[in-house]
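Data block for coords-v4.tsv (TSV, C-alpha atoms):
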chain	number	residue	atom	x	y	z
A	1	MET	CA	78.89	143.79	144.89
A	2	TRP	CA	77.04	145.68	147.61
A	3	TRP	CA	73.43	146.30	146.53
A	4	PRO	CA	71.44	149.32	147.79
A	5	ALA	CA	68.53	148.45	150.06
A	6	ALA	CA	65.99	149.38	147.40
A	7	VAL	CA	67.60	147.01	144.91
A	8	LEU	CA	67.81	144.29	147.52
A	9	LEU	CA	64.09	144.56	148.19
A	10	ALA	CA	63.26	144.60	144.50
A	11	VAL	CA	65.27	141.44	143.91
A	12	ALA	CA	64.17	139.72	147.08
A	13	VAL	CA	60.38	140.01	146.84
A	14	PRO	CA	59.26	136.50	145.91
A	15	ALA	CA	57.30	136.12	142.72
A	16	VAL	CA	54.38	133.71	142.44
A	17	VAL	CA	55.55	130.85	140.23
A	18	PRO	CA	54.27	127.33	139.63
A	19	LEU	CA	56.03	124.45	141.30
A	20	CYS	CA	58.73	122.71	139.26
A	21	ALA	CA	57.80	119.68	137.20
A	22	GLY	CA	57.81	116.48	139.18
A	23	LEU	CA	56.75	118.14	142.44
A	24	ARG	CA	53.44	118.05	144.20
A	25	SER	CA	52.42	120.72	146.67
A	26	GLY	CA	52.82	120.00	150.36
A	27	VAL	CA	50.20	121.01	152.92
A	28	ASP	CA	52.17	124.20	153.65
A	29	GLY	CA	52.67	125.18	150.04
A	30	GLY	CA	56.22	123.83	150.22
A	31	PRO	CA	57.49	120.96	148.13
A	32	ALA	CA	56.53	117.40	148.83
A	33	LEU	CA	58.80	115.55	146.44
A	34	ALA	CA	57.79	112.54	144.39
A	35	LYS	CA	61.29	111.18	143.81
A	36	GLU	CA	63.89	113.61	145.15
A	37	ILE	CA	64.56	115.81	148.13
A	38	VAL	CA	66.43	118.76	146.65
A	39	ILE	CA	68.68	120.72	149.02
A	40	GLY	CA	69.98	124.13	147.92
A	41	VAL	CA	73.61	125.13	148.50
A	42	SER	CA	75.27	128.45	147.70
A	43	ASN	CA	78.91	128.73	148.70
A	44	ALA	CA	82.44	129.29	147.39
A	45	GLN	CA	83.21	126.73	144.70
A	46	THR	CA	85.72	128.99	142.93
A	47	GLY	CA	88.01	131.81	144.02
A	48	ARG	CA	90.47	132.30	146.87
A	49	SER	CA	88.21	130.64	149.47
A	50	ALA	CA	86.96	127.78	147.31
A	51	GLY	CA	88.60	125.18	149.53
A	52	LEU	CA	86.08	125.96	152.25
A	53	GLY	CA	82.99	125.41	150.10
A	54	ILE	CA	84.34	122.43	148.19
A	55	GLN	CA	85.39	120.54	151.33
A	56	LEU	CA	82.13	121.29	153.12
A	57	VAL	CA	80.09	119.96	150.19
A	58	GLU	CA	82.32	116.90	149.80
A	59	GLY	CA	81.80	115.90	153.43
A	60	ALA	CA	78.04	116.38	153.25
A	61	ARG	CA	77.73	114.62	149.91
A	62	ALA	CA	79.64	111.59	151.23
A	63	TYR	CA	77.04	111.15	153.97
A	64	PHE	CA	74.03	111.81	151.74
A	65	ASP	CA	75.35	109.29	149.19
A	66	GLY	CA	75.29	106.68	151.94
A	67	VAL	CA	71.70	107.59	152.82
A	68	ASN	CA	70.69	107.25	149.16
A	69	ALA	CA	72.45	103.89	148.84
A	70	ALA	CA	70.39	102.66	151.79
A	71	GLY	CA	67.09	103.70	150.15
A	72	GLY	CA	66.96	107.43	150.86
A	73	ILE	CA	64.32	109.02	153.08
A	74	GLY	CA	61.15	106.96	152.68
A	75	GLY	CA	62.25	106.15	149.14
A	76	HIS	CA	63.13	109.78	148.31
A	77	ARG	CA	66.69	110.33	147.12
A	78	ILE	CA	68.58	113.36	148.44
A	79	ARG	CA	70.18	115.64	145.85
A	80	LEU	CA	72.39	118.66	146.49
A	81	GLU	CA	71.83	121.57	144.11
A	82	VAL	CA	75.10	123.52	144.42
A	83	GLU	CA	75.62	127.07	143.12
A	84	ASP	CA	78.85	129.07	143.31
A	85	ASP	CA	78.98	132.48	144.99
A	86	GLY	CA	82.77	132.85	145.26
A	87	TYR	CA	82.34	133.91	148.92
A	88	GLU	CA	80.75	137.20	147.81
A	89	PRO	CA	77.41	138.56	149.11
A	90	GLY	CA	75.87	139.64	145.78
A	91	PRO	CA	76.11	136.24	144.09
A	92	ALA	CA	74.96	134.53	147.30
A	93	LEU	CA	71.80	136.63	147.27
A	94	ARG	CA	71.08	135.91	143.61
A	95	ASN	CA	71.78	132.20	144.05
A	96	THR	CA	69.43	131.99	147.00
A	97	ASP	CA	66.62	133.58	145.06
A	98	ASP	CA	67.26	131.14	142.20
A	99	LEU	CA	67.36	128.10	144.50
A	100	ILE	CA	64.03	129.04	146.06
A	101	GLU	CA	62.18	130.31	143.01
A	102	ARG	CA	63.50	128.18	140.15
A	103	LYS	CA	64.93	125.10	141.84
A	104	ASN	CA	62.19	124.98	144.51
A	105	VAL	CA	64.50	123.41	147.09
A	106	LEU	CA	63.18	121.94	150.31
A	107	PHE	CA	65.70	123.90	152.38
A	108	LEU	CA	69.02	125.75	152.13
A	109	PHE	CA	72.20	124.17	153.41
A	110	GLY	CA	75.99	124.46	153.57
A	111	TYR	CA	76.34	128.21	153.08
A	112	VAL	CA	79.86	129.51	153.73
A	113	GLY	CA	80.61	132.79	155.43
A	114	THR	CA	79.25	135.65	157.49
A	115	PRO	CA	79.17	138.33	154.75
A	116	THR	CA	77.22	136.01	152.45
A	117	LEU	CA	74.77	134.65	155.01
A	118	THR	CA	74.00	138.03	156.57
A	119	ARG	CA	73.05	139.38	153.12
A	120	VAL	CA	70.67	136.44	152.66
A	121	LEU	CA	68.91	136.71	156.03
A	122	PRO	CA	66.47	139.50	155.02
A	123	LEU	CA	65.53	137.44	151.96
A	124	LEU	CA	64.62	134.49	154.19
A	125	GLU	CA	62.33	136.76	156.18
A	126	LEU	CA	60.64	137.91	152.97
A	127	TYR	CA	60.13	134.25	152.07
A	128	ARG	CA	58.73	133.38	155.50
A	129	ASP	CA	55.39	132.24	154.06
A	130	ARG	CA	57.31	129.65	152.02
A	131	HIS	CA	58.83	128.21	155.24
A	132	ILE	CA	62.37	128.31	153.88
A	133	VAL	CA	65.13	127.67	156.42
A	134	ASN	CA	68.90	127.67	156.13
A	135	VAL	CA	70.47	124.69	157.90
A	136	ALA	CA	74.06	124.44	159.18
A	137	PRO	CA	75.70	127.55	157.69
A	138	PHE	CA	79.49	127.51	157.96
A	139	THR	CA	79.72	130.61	160.16
A	140	GLY	CA	79.68	131.26	163.88
A	141	ALA	CA	78.43	134.85	163.69
A	142	GLN	CA	75.59	136.14	165.83
A	143	PRO	CA	72.90	137.66	163.52
A	144	GLN	CA	71.34	134.29	162.61
A	145	ARG	CA	71.41	133.20	166.26
A	146	HIS	CA	69.14	135.98	167.50
A	147	ALA	CA	65.73	137.44	166.64
A	148	PRO	CA	64.38	138.06	164.12
A	149	TYR	CA	66.51	135.76	161.93
A	150	ASP	CA	67.05	132.85	164.29
A	151	ARG	CA	63.67	131.39	163.26
A	152	TYR	CA	64.95	130.92	159.70
A	153	VAL	CA	68.34	129.38	160.52
A	154	PHE	CA	69.37	126.19	162.32
A	155	SER	CA	73.00	126.66	163.44
A	156	VAL	CA	74.76	123.39	164.17
A	157	ARG	CA	78.26	124.65	165.01
A	158	ALA	CA	79.53	126.62	168.01
A	159	SER	CA	79.57	130.41	167.69
A	160	TYR	CA	82.53	132.73	167.21
A	161	ASP	CA	81.84	133.95	170.75
A	162	ASP	CA	82.37	130.38	171.96
A	163	GLU	CA	85.54	130.04	169.89
A	164	THR	CA	87.11	133.37	170.82
A	165	ARG	CA	86.37	132.74	174.50
A	166	ALA	CA	88.11	129.37	174.30
A	167	LEU	CA	91.14	130.89	172.55
A	168	VAL	CA	91.45	133.85	174.91
A	169	ASP	CA	91.06	131.65	177.98
A	170	TYR	CA	93.71	129.24	176.68
A	171	LEU	CA	96.21	131.99	175.83
A	172	TYR	CA	95.52	133.83	179.09
A	173	ALA	CA	96.32	130.64	181.00
A	174	LYS	CA	99.61	130.54	179.07
A	175	GLY	CA	100.50	134.02	180.36
A	176	CYS	CA	99.40	136.25	177.46
A	177	ARG	CA	98.04	139.64	178.55
A	178	ARG	CA	98.27	141.94	175.51
A	179	PHE	CA	96.03	140.76	172.67
A	180	GLY	CA	95.73	141.96	169.11
A	181	ILE	CA	93.36	140.89	166.35
A	182	LEU	CA	93.91	140.38	162.65
A	183	GLU	CA	90.50	140.64	161.00
A	184	GLN	CA	88.90	140.47	157.60
A	185	ALA	CA	87.31	143.85	156.83
A	186	ASP	CA	83.70	142.67	156.78
A	187	ALA	CA	80.99	141.17	158.98
A	188	TYR	CA	83.03	138.04	159.67
A	189	GLY	CA	86.06	139.95	160.90
A	190	LYS	CA	83.88	142.20	163.02
A	191	SER	CA	82.19	139.15	164.59
A	192	GLY	CA	85.60	137.85	165.58
A	193	GLU	CA	86.56	141.22	167.04
A	194	VAL	CA	83.35	141.54	169.04
A	195	GLY	CA	83.75	138.03	170.45
A	196	THR	CA	87.39	138.66	171.33
A	197	ARG	CA	86.61	141.93	173.08
A	198	ARG	CA	83.86	140.24	175.07
A	199	ALA	CA	86.18	137.40	176.11
A	200	LEU	CA	88.97	139.79	177.07
A	201	ARG	CA	86.66	141.86	179.27
A	202	GLU	CA	85.99	138.73	181.34
A	203	HIS	CA	89.71	138.90	182.23
A	204	GLY	CA	89.71	142.68	182.74
A	205	LEU	CA	91.55	143.26	179.45
A	206	GLU	CA	90.97	145.17	176.24
A	207	LEU	CA	92.34	144.77	172.72
A	208	ASP	CA	95.74	146.40	172.29
A	209	GLY	CA	95.92	146.27	168.50
A	210	VAL	CA	93.69	145.83	165.43
A	211	ALA	CA	94.84	145.16	161.86
A	212	THR	CA	92.48	144.55	158.94
A	213	PHE	CA	92.66	143.19	155.40
A	214	ARG	CA	90.23	142.83	152.51
A	215	ARG	CA	88.23	139.67	151.85
A	216	ASN	CA	89.69	137.10	149.40
A	217	ARG	CA	93.20	138.57	149.64
A	218	PRO	CA	95.75	136.18	148.03
A	219	PHE	CA	98.47	134.34	149.94
A	220	GLU	CA	101.14	135.80	147.66
A	221	GLU	CA	100.34	139.38	148.69
A	222	SER	CA	102.44	140.88	151.47
A	223	MET	CA	100.90	141.23	154.92
A	224	GLY	CA	103.87	143.24	156.16
A	225	GLU	CA	101.72	146.27	157.00
A	226	GLN	CA	99.45	144.20	159.26
A	227	VAL	CA	102.50	142.63	160.93
A	228	LYS	CA	103.95	146.10	161.56
A	229	ILE	CA	100.71	147.41	163.10
A	230	LEU	CA	100.35	144.54	165.55
A	231	ARG	CA	104.04	144.34	166.39
A	232	GLU	CA	104.21	148.06	167.20
A	233	SER	CA	101.08	147.66	169.36
A	234	GLY	CA	103.16	145.50	171.68
A	235	VAL	CA	100.80	142.50	171.61
A	236	ASP	CA	101.96	139.12	172.90
A	237	ALA	CA	99.18	137.13	171.18
A	238	VAL	CA	97.11	137.54	168.00
A	239	ILE	CA	93.58	136.27	167.36
A	240	ALA	CA	92.96	135.94	163.60
A	241	ALA	CA	89.53	136.09	161.95
A	242	GLY	CA	90.06	135.41	158.27
A	243	THR	CA	90.40	132.70	155.62
A	244	TYR	CA	93.40	130.51	154.93
A	245	GLU	CA	95.24	132.53	152.28
A	246	PRO	CA	95.55	135.94	153.98
A	247	CYS	CA	95.99	134.41	157.44
A	248	ALA	CA	98.77	132.15	156.17
A	249	GLY	CA	100.33	135.18	154.49
A	250	PHE	CA	100.28	137.07	157.78
A	251	ILE	CA	101.86	134.17	159.70
A	252	ARG	CA	104.55	133.77	157.02
A	253	ASP	CA	105.46	137.45	157.11
A	254	ALA	CA	105.31	137.63	160.91
A	255	ARG	CA	107.66	134.68	161.37
A	256	MET	CA	110.05	135.90	158.66
A	257	ALA	CA	110.19	139.26	160.48
A	258	GLY	CA	110.92	137.61	163.83
A	259	PHE	CA	107.47	138.37	165.23
A	260	ASN	CA	106.92	135.05	166.98
A	261	VAL	CA	103.91	135.61	169.24
A	262	PRO	CA	101.18	132.93	169.27
A	263	VAL	CA	98.68	133.30	166.43
A	264	ALA	CA	95.26	131.74	167.09
A	265	ASN	CA	92.81	131.30	164.20
A	266	LEU	CA	89.08	130.69	164.26
A	267	SER	CA	87.78	127.46	162.72
A	268	PHE	CA	86.49	129.27	159.62
A	269	VAL	CA	90.07	129.85	158.49
A	270	GLY	CA	90.28	126.34	157.04
A	271	ALA	CA	92.97	124.85	159.27
A	272	ASP	CA	94.14	122.14	156.87
A	273	ALA	CA	94.55	124.53	153.92
A	274	LEU	CA	96.26	127.07	156.20
A	275	LEU	CA	98.80	124.55	157.42
A	276	GLY	CA	99.34	123.25	153.90
A	277	LEU	CA	100.31	126.73	152.67
A	278	LEU	CA	102.66	127.27	155.60
A	279	LYS	CA	104.35	123.89	155.14
A	280	GLU	CA	105.05	124.76	151.51
A	281	ALA	CA	106.31	128.22	152.47
A	282	SER	CA	108.47	126.67	155.20
A	283	ARG	CA	110.23	124.49	152.66
A	284	SER	CA	110.98	127.54	150.52
A	285	ALA	CA	112.15	129.57	153.53
A	286	GLY	CA	114.23	126.75	155.00
A	287	ARG	CA	112.60	127.20	158.41
A	288	ASP	CA	109.40	126.25	160.24
A	289	LEU	CA	106.83	129.02	159.85
A	290	SER	CA	104.03	127.19	161.71
A	291	SER	CA	105.42	127.39	165.24
A	292	GLY	CA	103.13	129.01	167.81
A	293	LEU	CA	100.09	128.33	165.63
A	294	ILE	CA	96.77	127.52	167.35
A	295	ASN	CA	93.34	126.85	165.85
A	296	SER	CA	89.90	126.52	167.40
A	297	GLN	CA	87.70	123.84	165.84
A	298	VAL	CA	83.99	123.09	166.06
A	299	VAL	CA	84.49	119.38	165.34
A	300	PRO	CA	87.09	117.01	166.77
A	301	SER	CA	90.12	115.80	164.85
A	302	PRO	CA	89.20	113.73	161.78
A	303	GLU	CA	91.44	111.07	163.35
A	304	ALA	CA	89.56	110.97	166.68
A	305	VAL	CA	87.69	107.70	166.04
A	306	ARG	CA	86.72	107.48	169.72
A	307	TYR	CA	83.74	109.55	168.63
A	308	PRO	CA	81.11	107.42	166.83
A	309	LEU	CA	80.47	110.19	164.31
A	310	VAL	CA	84.16	110.40	163.40
A	311	ALA	CA	84.46	106.62	163.19
A	312	SER	CA	81.59	106.45	160.68
A	313	TYR	CA	83.14	109.33	158.72
A	314	CYS	CA	86.49	107.54	158.51
A	315	ARG	CA	84.82	104.38	157.25
A	316	ARG	CA	83.28	106.25	154.32
A	317	VAL	CA	85.84	108.97	153.49
A	318	ALA	CA	89.31	108.06	152.21
A	319	GLU	CA	92.21	109.20	154.39
A	320	GLY	CA	93.53	111.66	151.82
A	321	ARG	CA	90.12	113.35	151.59
A	322	ARG	CA	89.60	113.87	155.33
A	323	GLY	CA	89.80	117.20	157.12
A	324	PHE	CA	88.10	119.41	159.69
A	325	ILE	CA	85.80	121.12	157.17
A	326	SER	CA	84.85	117.90	155.41
A	327	LEU	CA	84.03	116.39	158.81
A	328	GLU	CA	81.87	119.41	159.62
A	329	GLY	CA	80.00	118.89	156.34
A	330	TRP	CA	79.46	115.25	157.34
A	331	LEU	CA	78.13	116.33	160.77
A	332	ASP	CA	75.80	118.87	159.13
A	333	ALA	CA	74.43	116.17	156.82
A	334	VAL	CA	73.89	113.81	159.77
A	335	VAL	CA	71.81	116.47	161.52
A	336	ALA	CA	69.84	117.42	158.40
A	337	THR	CA	69.10	113.77	157.63
A	338	GLU	CA	67.80	113.12	161.12
A	339	GLY	CA	65.46	116.09	160.70
A	340	LEU	CA	64.23	114.59	157.42
A	341	ARG	CA	63.66	111.22	159.05
A	342	ARG	CA	61.53	112.84	161.73
A	343	MET	CA	59.21	114.72	159.34
A	344	GLY	CA	56.42	112.17	159.51
A	345	GLY	CA	54.03	111.84	156.59
A	346	ALA	CA	54.63	113.74	153.35
A	347	VAL	CA	57.90	115.52	152.68
A	348	SER	CA	57.27	119.20	153.35
A	349	ARG	CA	59.09	122.25	154.60
A	350	THR	CA	56.99	122.58	157.74
A	351	GLY	CA	57.42	118.90	158.46
A	352	PHE	CA	61.18	119.19	158.10
A	353	ILE	CA	61.30	122.18	160.45
A	354	ALA	CA	59.21	120.30	162.99
A	355	GLY	CA	61.56	117.34	162.67
A	356	LEU	CA	64.64	119.46	163.36
A	357	GLU	CA	62.96	121.04	166.36
A	358	THR	CA	62.68	117.62	168.02
A	359	LEU	CA	66.47	117.23	168.06
A	360	ASN	CA	66.75	118.48	171.61
A	361	HIS	CA	68.98	116.20	173.73
A	362	TRP	CA	69.87	114.18	170.60
A	363	ASP	CA	73.55	113.20	170.25
A	364	PRO	CA	74.85	113.10	166.65
A	365	GLY	CA	77.75	110.92	167.76
A	366	LEU	CA	80.03	113.37	169.58
A	367	GLY	CA	79.08	112.69	173.17
A	368	VAL	CA	77.20	116.01	173.31
A	369	GLU	CA	73.55	116.80	172.66
A	370	LEU	CA	72.02	119.27	170.23
A	371	GLY	CA	69.97	122.10	171.66
A	372	PHE	CA	67.33	122.45	168.91
A	373	SER	CA	63.74	123.08	169.97
A	374	ARG	CA	60.77	125.18	168.85
A	375	SER	CA	62.23	128.20	170.63
A	376	ARG	CA	65.93	127.52	170.03
A	377	HIS	CA	67.78	126.89	166.77
A	378	VAL	CA	71.34	126.66	168.15
A	379	GLY	CA	72.72	123.12	168.11
A	380	LEU	CA	76.20	122.70	169.63
A	381	ARG	CA	78.61	124.85	171.63
A	382	GLU	CA	81.56	122.46	171.76
A	383	VAL	CA	85.02	123.85	170.90
A	384	TRP	CA	88.19	121.83	170.35
A	385	LEU	CA	91.57	123.60	170.44
A	386	THR	CA	94.41	122.35	168.26
A	387	GLU	CA	98.06	123.30	167.88
A	388	ALA	CA	100.38	122.80	164.91
A	389	GLN	CA	103.04	120.29	165.87
A	390	GLY	CA	105.35	118.53	163.45
A	391	GLY	CA	103.33	119.59	160.43
A	392	ARG	CA	99.98	118.35	161.75
A	393	TRP	CA	97.21	119.48	164.05
A	394	VAL	CA	97.25	118.07	167.59
A	395	GLU	CA	94.32	118.51	169.98
A	396	VAL	CA	95.27	120.37	173.15
A	397	SER	CA	91.87	120.75	174.83
A	398	ALA	CA	88.11	120.39	174.40
A	399	LEU	CA	85.72	122.85	176.00
A	400	ARG	CA	82.00	122.64	176.55
A	401	HIS	CA	79.57	125.45	177.17
A	402	SER	CA	76.14	124.97	178.69
A	403	PRO	CA	73.29	125.79	176.27

Starting from the file, lay out its structure as structure tokens.
Amino acid sequence: MWWPAAVLLAVAVPAVVPLCAGLRSGVDGGPALAKEIVIGVSNAQTGRSAGLGIQLVEGARAYFDGVNAAGGIGGHRIRLEVEDDGYEPGPALRNTDDLIERKNVLFLFGYVGTPTLTRVLPLLELYRDRHIVNVAPFTGAQPQRHAPYDRYVFSVRASYDDETRALVDYLYAKGCRRFGILEQADAYGKSGEVGTRRALREHGLELDGVATFRRNRPFEESMGEQVKILRESGVDAVIAAGTYEPCAGFIRDARMAGFNVPVANLSFVGADALLGLLKEASRSAGRDLSSGLINSQVVPSPEAVRYPLVASYCRRVAEGRRGFISLEGWLDAVVATEGLRRMGGAVSRTGFIAGLETLNHWDPGLGVELGFSRSRHVGLREVWLTEAQGGRWVEVSALRHSP
């Protein structure tokens, strides 16, 4: 539900409440926890995009469980406080207020989506005296990467600009010259469009077609209208900025209609769930619907054990539970834990922020260094490109951008 600005402000203004039982005040007024470090999560645990939130939390929880088994952070156990927003902005806003005011979390973590996070950003600014930050949101949009909101968010993953540039460059090298975009009709889809337009201009090109769809659209619903729009635009490649159900529906309907141009999805789509839907639909259709399917990723393949981070992930996460999003949750937890370890002294929000800001030139186990500092809260810009081959994702290139 979209709230008017006046209502947003009325809900968002923080009330003065006592700290929760079991907490003692830190030097900054933030929590210094006697027994637990409570981390607040609001993301999609139910609904059409629940796979994104569930997998992200599972990956993070697997790592945090290992930290707790080894004694925690200075004896403090880490606990995730997870609330469901169904990938909708209104519930995300209410959950955030609850996590800060009632649950008194140390920091926010594992949020999923551009429309949800962008609604929360003004609330973080209103809570600035509480020193609340949002760490590792599952979105590559730009608002949290620039002033004034960048001070309240630590982005671990590459941006949608990085991803769309990698996809456009790759497809351009393959001979594609007329690009269309399939985009979710919200801030996420627009972020993908802006990044694609910017990347195309570097090649002297413009978008030749745009088709939109509503958020949380089901896989079963026809995407024939979107296929028709892009096909009649004469595009020879499609960039898709959406989640797994509608994007899989578009690919299904495009292939069934004989529209066989490459379709390249951003990492947020949920590549494993997307391919799973298309494999099932392929069996029903009696033909392969996943040909010409490309996906950008912000982590390497969950099978790429040449990376120390992936090797440690594979040792702790069962093969059937592994995936790109779960691995990203693991990476996010690795980064957050290192920030906690570097707090020094009592557990506090300001100490945690200071700890994260020392992670400049620190490698989480991917052969690349984070870019966090006091003036910069953007971590990585690495993009891996994958292609669907034989019912699985195969890496076709890895691209690095200078900070």

Next item on the list: Find, counting only C-alpha atoms, the residue in A:Val394, A:Leu274, A:Gly242, A:Arg231 that gets nearest to Ser301 in chain A.
Entry: A:Val394

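A straight line drawn from CA of Val227 in chain A to CA of Ala240 in chain A is 12.0 Å long.
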
Notebook entry, point to check: Smallest atom-to-atom distance to Arg376 in chain A: which of A:Phe268, A:Gly66, A:Ser155, A:Ala166, using all atoms listed in the file?
Noted result: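 That would be A:Ser155, the residue with the smallest distance to Arg376 in chain A.
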
Next item on the list: Can you pull out every residue within 8 Å of Asp162 in chain A, counting all atoms listed in the file, but drop anything in the same chain fewer than 3 positions away, and send it as a list in words?
Entry: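 Contacts, in chain order: Ala158, Ser159, Arg165, Ala166, Gly195, Arg381, Glu382, Val383 and His401 of chain A.
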
Checklist line | Atomic distance CA of Ala60 in chain A - CA of Asp332 in chain A, expressed in Å with one decimal | finding: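 Atom-to-atom, CA of Ala60 in chain A to CA of Asp332 in chain A, that is 6.8 Å.
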
Notebook entry, point to check: Between A:Leu56, A:Glu303, A:Leu126, A:Glu202, which has the minimum distance to Arg315 in chain A (counting only C-alpha atoms)?
Noted result: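 Smallest separation from Arg315 in chain A among the options: A:Glu303.
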
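Using all atoms listed in the file, the residues found no farther than 10 Å from Gln389 in chain A, other than those of its own chain fewer than 2 positions away, are Ser290, Ser291, Gly292, Leu293, Ile294, Thr386, Glu387, Gly391, Arg392, Trp393, Val394 and Glu395 of chain A.
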
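Pairwise distance (CA of Trp362 in chain A, CA of Leu117 in chain A) equals 26.2 Å.
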
Using all atoms listed in the file, what table do you get, as JSON lines, when you list each residue of range 75-100 of chain A with an atom no more than 7 Å from range 35-51 of chain A, its nearest pair of atoms, and their distance in Å rounded to one decimal, rows by chain then rising number?
{"residue": "A:His76", "atom": "CA", "partner": "A:Glu36", "partner_atom": "CA", "distance": 5.0}
{"residue": "A:Arg77", "atom": "CA", "partner": "A:Glu36", "partner_atom": "CA", "distance": 4.7}
{"residue": "A:Ile78", "atom": "CA", "partner": "A:Ile37", "partner_atom": "CA", "distance": 4.7}
{"residue": "A:Arg79", "atom": "CA", "partner": "A:Val38", "partner_atom": "CA", "distance": 4.9}
{"residue": "A:Leu80", "atom": "CA", "partner": "A:Ile39", "partner_atom": "CA", "distance": 4.9}
{"residue": "A:Glu81", "atom": "CA", "partner": "A:Gly40", "partner_atom": "CA", "distance": 4.9}
{"residue": "A:Val82", "atom": "CA", "partner": "A:Val41", "partner_atom": "CA", "distance": 4.6}
{"residue": "A:Glu83", "atom": "CA", "partner": "A:Ser42", "partner_atom": "CA", "distance": 4.8}
{"residue": "A:Asp84", "atom": "CA", "partner": "A:Gln45", "partner_atom": "CA", "distance": 5.1}
{"residue": "A:Asp85", "atom": "CA", "partner": "A:Asn43", "partner_atom": "CA", "distance": 5.3}
{"residue": "A:Gly86", "atom": "CA", "partner": "A:Ala44", "partner_atom": "CA", "distance": 4.2}
{"residue": "A:Tyr87", "atom": "CA", "partner": "A:Ala44", "partner_atom": "CA", "distance": 4.9}
{"residue": "A:Ala92", "atom": "CA", "partner": "A:Ser42", "partner_atom": "CA", "distance": 6.1}
{"residue": "A:Asn95", "atom": "CA", "partner": "A:Ser42", "partner_atom": "CA", "distance": 6.3}
{"residue": "A:Thr96", "atom": "CA", "partner": "A:Ser42", "partner_atom": "CA", "distance": 6.9}
{"residue": "A:Leu99", "atom": "CA", "partner": "A:Gly40", "partner_atom": "CA", "distance": 5.9}

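Minimum atom-to-atom distance to Ala354 in chain A, evaluated using all atoms listed in the file, belongs to A:Glu338 out of A:Glu245, A:Glu369, A:Glu338, A:Glu225.
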
Item checked: From A:Gly110, A:Gly175, A:Pro218, A:Gly71, residue lying nearest Phe154 in chain A [only C-alpha atoms] ->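 The answer is A:Gly110, which sits nearest to Phe154 in chain A.
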
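Considering the residues A:Leu230, A:Ile239, A:Glu319, A:Glu183 and counting only C-alpha atoms, Thr196 in chain A has its shortest atom-to-atom contact with A:Ile239.
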
Model the absent atoms of range 127-139 of chain A so that N, CA and C atoms are present, and write the result as a PDB file, in the coordinates of the input.
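For reference, result33.pdb as written:
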ATOM      1  N   TYR A 127      60.673 135.532 152.506  1.00  0.00           N
ATOM      2  CA  TYR A 127      60.130 134.250 152.070  1.00  0.00           C
ATOM      3  C   TYR A 127      59.496 133.458 153.228  1.00  0.00           C
ATOM      4  N   ARG A 128      59.188 134.116 154.312  1.00  0.00           N
ATOM      5  CA  ARG A 128      58.730 133.380 155.500  1.00  0.00           C
ATOM      6  C   ARG A 128      57.476 132.559 155.244  1.00  0.00           C
ATOM      7  N   ASP A 129      56.607 133.013 154.346  1.00  0.00           N
ATOM      8  CA  ASP A 129      55.390 132.240 154.060  1.00  0.00           C
ATOM      9  C   ASP A 129      55.695 130.965 153.277  1.00  0.00           C
ATOM     10  N   ARG A 130      56.898 130.873 152.726  1.00  0.00           N
ATOM     11  CA  ARG A 130      57.310 129.650 152.020  1.00  0.00           C
ATOM     12  C   ARG A 130      57.966 128.650 152.976  1.00  0.00           C
ATOM     13  N   HIS A 131      58.231 129.080 154.212  1.00  0.00           N
ATOM     14  CA  HIS A 131      58.830 128.210 155.240  1.00  0.00           C
ATOM     15  C   HIS A 131      60.207 127.714 154.820  1.00  0.00           C
ATOM     16  N   ILE A 132      61.011 128.637 154.285  1.00  0.00           N
ATOM     17  CA  ILE A 132      62.370 128.310 153.880  1.00  0.00           C
ATOM     18  C   ILE A 132      63.317 128.523 155.061  1.00  0.00           C
ATOM     19  N   VAL A 133      64.118 127.514 155.373  1.00  0.00           N
ATOM     20  CA  VAL A 133      65.130 127.670 156.420  1.00  0.00           C
ATOM     21  C   VAL A 133      66.502 127.340 155.858  1.00  0.00           C
ATOM     22  N   ASN A 134      67.505 127.914 156.489  1.00  0.00           N
ATOM     23  CA  ASN A 134      68.900 127.670 156.130  1.00  0.00           C
ATOM     24  C   ASN A 134      69.509 126.829 157.252  1.00  0.00           C
ATOM     25  N   VAL A 135      69.989 125.651 156.915  1.00  0.00           N
ATOM     26  CA  VAL A 135      70.470 124.690 157.900  1.00  0.00           C
ATOM     27  C   VAL A 135      71.994 124.599 157.846  1.00  0.00           C
ATOM     28  N   ALA A 136      72.621 124.683 159.008  1.00  0.00           N
ATOM     29  CA  ALA A 136      74.060 124.440 159.180  1.00  0.00           C
ATOM     30  C   ALA A 136      74.938 125.363 158.337  1.00  0.00           C
ATOM     31  N   PRO A 137      74.757 126.683 158.400  1.00  0.00           N
ATOM     32  CA  PRO A 137      75.700 127.550 157.690  1.00  0.00           C
ATOM     33  C   PRO A 137      77.077 127.469 158.334  1.00  0.00           C
ATOM     34  N   PHE A 138      78.106 127.582 157.504  1.00  0.00           N
ATOM     35  CA  PHE A 138      79.490 127.510 157.960  1.00  0.00           C
ATOM     36  C   PHE A 138      79.927 128.897 158.421  1.00  0.00           C
ATOM     37  N   THR A 139      79.392 129.331 159.538  1.00  0.00           N
ATOM     38  CA  THR A 139      79.720 130.610 160.160  1.00  0.00           C
ATOM     39  C   THR A 139      79.265 130.567 161.607  1.00  0.00           C
TER      40      THR A 139
END
